[in-house]
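Undergrad: My structure is below; once you've seen it, I'll send some questions.
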Amino acid sequence: MWCVVYAGEGKEQKTEEFIRGRLPKSACSRCFHLVQRLAYRKHGKVMETARDCFPGYVFIETNEPETVQKVLKNTKESLLFSDSSFISSLDGEEETLLELLCNQSGEIELSVARVFVDTGSGGKEVKFLSGPLSRVADRVVQVDFHKRCARLGGRFPGERASLKLGFCYEGEEPDGSREHVHK
C-alpha cells in the first residue's frame, strides 16, 4: 500500500529524509517523490530533462499504513503532520497505475516509440516499444509528436485531470546531461 503526504512544493527532499528518520524500517519500504523524464529537441539535438510529477507530494510504500499515520501525526518537531488531510492512502487503481509508471527510485522514465505513417491518409500511428507508456498504452488519449509526449486519460492521484508522459523516438539517444526543473 502507498501513503501520500503533502509536504509543499520544494520541500520533498527534506520531507523524505524526515520520514525515513522517523519511521521504523518495517513500516517504510521506500519513500520518494515522483520525478518524470521528458525529451525535447534543441539546436538539432534531443535533450532530456526531469521535472517533479506531483510537486509537493511524497509517496511512502508500506505494509503498515496505520503505523505511518500514527508516527507522523505524533511527531512533535513538525506541525506538518498535525492535520489528517496531509496524509492519505492511495486507492487500488491509483496505486496500480503508479506502480506501472515509476521505477524503484520513483522516476517515470522516458519511453521509446516507433511511428508509422499511413501512406494513404498521411495519418500517424504510434507504438510504444519500451518504458512506462508501453505498459499503459491503452490509456493514451492524445500524442503530441512534436513535443514528444503522450497524454493519459483516466483518474490520477489528487484528482489531477491528465498526466503527460515523455518519449523519444526509436534510434534517438537523448543527450546525457539532465536538468531538473521544479514545476
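Within each chain, counting starts at residue 1; across the C-alpha cells, chains are named A, B, ... in the order shown, with ligands numbered 1 upward in that order.
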So that I can see what lies close to segment 125-133 of chain A, please list as an MDAnalysis selection string the residues with an atom at most 12 Å from it, counting only C-alpha atoms and leaving out residues fewer than 6 positions away in the same chain.
TA: chainID A and resid 36:37 97:103 107:119 139:145 148:152 163:171
Undergrad: For the structure I just gave you, how does DSSP split segment 45-124 of chain A - specifically, which residues are strand (DSSP E or B)? Reply as JSON, numbers by chain.
TA: {"A": [45, 46, 47, 48, 49, 50, 51, 52, 57, 58, 59, 60, 61, 87, 88, 89, 107, 108, 111, 112, 113, 114, 115, 116, 117, 124]}
Undergrad: If we count only C-alpha atoms and set the cut-off at 7 Å, which residues sit around Glu48 of chain A, ignoring sequence neighbours fewer than 4 positions away in its own chain? Please answer as a ChimeraX atom specification.
TA: /A:37-40,174-175,178
Undergrad: May I have the residues from that selection written out with N, CA and C atoms, as a CSV table (one decimal), in the first residue's frame?
TA:
```csv
chain,number,residue,atom,x,y,z
A,37,ARG,N,10.8,12.0,-16.6
A,37,ARG,CA,11.8,12.4,-17.6
A,37,ARG,C,11.0,12.8,-18.8
A,38,LEU,N,11.5,13.8,-19.5
A,38,LEU,CA,10.9,14.3,-20.7
A,38,LEU,C,12.0,14.6,-21.7
A,39,ALA,N,11.6,14.4,-23.0
A,39,ALA,CA,12.6,14.7,-24.1
A,39,ALA,C,12.1,15.9,-24.9
A,40,TYR,N,13.1,16.6,-25.4
A,40,TYR,CA,12.8,17.7,-26.3
A,40,TYR,C,13.9,18.0,-27.2
A,174,PRO,N,18.9,10.6,-26.2
A,174,PRO,CA,18.9,11.9,-25.6
A,174,PRO,C,20.3,12.2,-25.0
A,175,ASP,N,20.6,13.5,-25.1
A,175,ASP,CA,21.9,14.0,-24.6
A,175,ASP,C,22.0,13.6,-23.1
A,178,ARG,N,21.3,16.0,-17.9
A,178,ARG,CA,19.9,16.1,-17.4
A,178,ARG,C,19.7,17.3,-16.5
```
Undergrad: Considering only C-alpha atoms, return as a list in words whatever protein or nucleic-acid residues lie within 12 Å of Gly21 of chain A, sequence-local ones (same chain, fewer than 5 positions apart) excluded.
TA: Lys14, Thr15, Glu16, Ala27, Cys28, Cys31, Val71, Leu72 and Thr75 of chain A
Undergrad: I need the residues of chain A that end up classed as helix (DSSP H, G or I) by DSSP on the backbone, written out as a ChimeraX atom specification.
TA: /A:12-22,25-27,65-73,84-86,92-101,132-135,137-139,157-159
Undergrad: Since we have the selection now, will you write its residues out, keeping C-alpha atoms, as a JSON list (two decimals), in the first residue's frame?
TA:
```
[["chain", "number", "residue", "atom", "x", "y", "z"],
["A", 12, "GLU", "CA", 10.02, 16.98, -0.97],
["A", 13, "GLN", "CA", 13.68, 16.01, -0.29],
["A", 14, "LYS", "CA", 13.64, 17.30, 3.30],
["A", 15, "THR", "CA", 10.32, 15.58, 3.94],
["A", 16, "GLU", "CA", 11.67, 12.28, 2.61],
["A", 17, "GLU", "CA", 14.69, 12.50, 4.93],
["A", 18, "PHE", "CA", 12.42, 13.45, 7.83],
["A", 19, "ILE", "CA", 10.09, 10.50, 7.16],
["A", 20, "ARG", "CA", 12.92, 7.99, 6.75],
["A", 21, "GLY", "CA", 14.40, 9.16, 10.05],
["A", 22, "ARG", "CA", 11.10, 8.75, 11.93],
["A", 25, "LYS", "CA", 12.27, 0.23, 8.55],
["A", 26, "SER", "CA", 9.43, -2.31, 8.75],
["A", 27, "ALA", "CA", 6.88, 0.46, 8.08],
["A", 65, "PRO", "CA", -0.26, 2.42, 6.88],
["A", 66, "GLU", "CA", -1.61, 2.76, 10.42],
["A", 67, "THR", "CA", 1.95, 2.94, 11.78],
["A", 68, "VAL", "CA", 2.89, 5.56, 9.19],
["A", 69, "GLN", "CA", -0.06, 7.75, 10.11],
["A", 70, "LYS", "CA", 0.42, 7.31, 13.85],
["A", 71, "VAL", "CA", 4.16, 8.02, 13.87],
["A", 72, "LEU", "CA", 3.96, 11.04, 11.58],
["A", 73, "LYS", "CA", 0.99, 12.59, 13.37],
["A", 84, "SER", "CA", -5.34, 14.36, 8.70],
["A", 85, "SER", "CA", -5.72, 15.95, 5.27],
["A", 86, "PHE", "CA", -1.94, 15.85, 4.80],
["A", 92, "GLY", "CA", -6.06, 0.44, -5.55],
["A", 93, "GLU", "CA", -6.48, 1.95, -9.02],
["A", 94, "GLU", "CA", -4.14, 4.89, -8.28],
["A", 95, "GLU", "CA", -1.55, 2.60, -6.71],
["A", 96, "THR", "CA", -1.64, 0.16, -9.63],
["A", 97, "LEU", "CA", -1.20, 2.97, -12.14],
["A", 98, "LEU", "CA", 1.77, 4.49, -10.31],
["A", 99, "GLU", "CA", 3.41, 1.06, -9.97],
["A", 100, "LEU", "CA", 3.15, 0.68, -13.76],
["A", 101, "LEU", "CA", 4.61, 4.13, -14.37],
["A", 132, "PRO", "CA", 6.04, 3.23, -18.92],
["A", 133, "LEU", "CA", 3.99, 4.14, -21.99],
["A", 134, "SER", "CA", 4.35, 0.59, -23.29],
["A", 135, "ARG", "CA", 2.68, -0.62, -20.06],
["A", 137, "ALA", "CA", -0.63, 2.31, -23.99],
["A", 138, "ASP", "CA", -4.35, 1.53, -23.68],
["A", 139, "ARG", "CA", -4.78, 4.71, -21.59],
["A", 157, "PRO", "CA", -3.80, 10.93, -7.57],
["A", 158, "GLY", "CA", -5.11, 14.23, -6.31],
["A", 159, "GLU", "CA", -7.89, 14.19, -8.92]]
```
Undergrad: Nearest residue to Cys53 of chain A out of A:Gly154, A:Gly10, A:Val35, A:Arg41, using only C-alpha atoms?
TA: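 Closest residue, counting only C-alpha atoms: A:Val35.
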Undergrad: Please compute the atom CA of Met1 of chain A-atom CA of Asp91 of chain A distance, one decimal, in Å.
TA: 8.5 Å
Undergrad: Can you work out the spacing between atom CA of His146 of chain A and atom CA of Asp52 of chain A in Å, to one decimal?
TA: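 These two atoms are separated by 21.6 Å.
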Undergrad: Quick one: everything within 7 Å of Ile87 of chain A, counting only C-alpha atoms, minus sequence neighbours fewer than 5 positions away in the same chain. Send it as a list in words.
TA: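 Near Ile87 of chain A, the qualifying residues are Cys3, Val4, Val5, Tyr6 and Gln69 of chain A.
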Undergrad: Write the residues you've just listed into a file as a short mmCIF file (atom, residue, chain, number, x, y, z; two decimals), in the first residue's frame, and include all heavy atoms for each of them.
TA:
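Output below, filename selection25.cif:
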```cif
data_model
loop_
_atom_site.label_atom_id
_atom_site.label_comp_id
_atom_site.auth_asym_id
_atom_site.auth_seq_id
_atom_site.Cartn_x
_atom_site.Cartn_y
_atom_site.Cartn_z
N CYS A 3 1.09 5.33 0.93
CA CYS A 3 0.54 6.51 1.59
C CYS A 3 1.14 7.71 0.87
O CYS A 3 2.23 7.63 0.31
CB CYS A 3 0.93 6.57 3.06
SG CYS A 3 0.14 5.32 4.07
N VAL A 4 0.42 8.81 0.88
CA VAL A 4 0.93 10.02 0.26
C VAL A 4 0.83 11.16 1.27
O VAL A 4 -0.13 11.25 2.02
CB VAL A 4 0.18 10.34 -1.06
CG1 VAL A 4 -1.28 10.60 -0.82
CG2 VAL A 4 0.81 11.51 -1.78
N VAL A 5 1.88 11.97 1.31
CA VAL A 5 1.97 13.08 2.25
C VAL A 5 2.16 14.35 1.42
O VAL A 5 2.99 14.39 0.52
CB VAL A 5 3.19 12.91 3.19
CG1 VAL A 5 3.39 14.13 4.06
CG2 VAL A 5 3.05 11.66 4.03
N TYR A 6 1.39 15.38 1.74
CA TYR A 6 1.61 16.67 1.09
C TYR A 6 2.59 17.46 1.95
O TYR A 6 2.31 17.79 3.09
CB TYR A 6 0.32 17.47 0.90
CG TYR A 6 0.59 18.76 0.19
CD1 TYR A 6 0.90 18.76 -1.16
CD2 TYR A 6 0.61 19.97 0.86
CE1 TYR A 6 1.21 19.93 -1.83
CE2 TYR A 6 0.91 21.15 0.20
CZ TYR A 6 1.21 21.13 -1.15
OH TYR A 6 1.52 22.28 -1.80
N GLN A 69 0.78 6.64 9.67
CA GLN A 69 -0.06 7.75 10.11
C GLN A 69 0.18 8.09 11.57
O GLN A 69 0.33 9.26 11.92
CB GLN A 69 -1.54 7.42 9.86
CG GLN A 69 -1.82 7.33 8.38
CD GLN A 69 -3.15 7.91 7.99
OE1 GLN A 69 -3.86 8.49 8.79
NE2 GLN A 69 -3.47 7.77 6.72
#
```
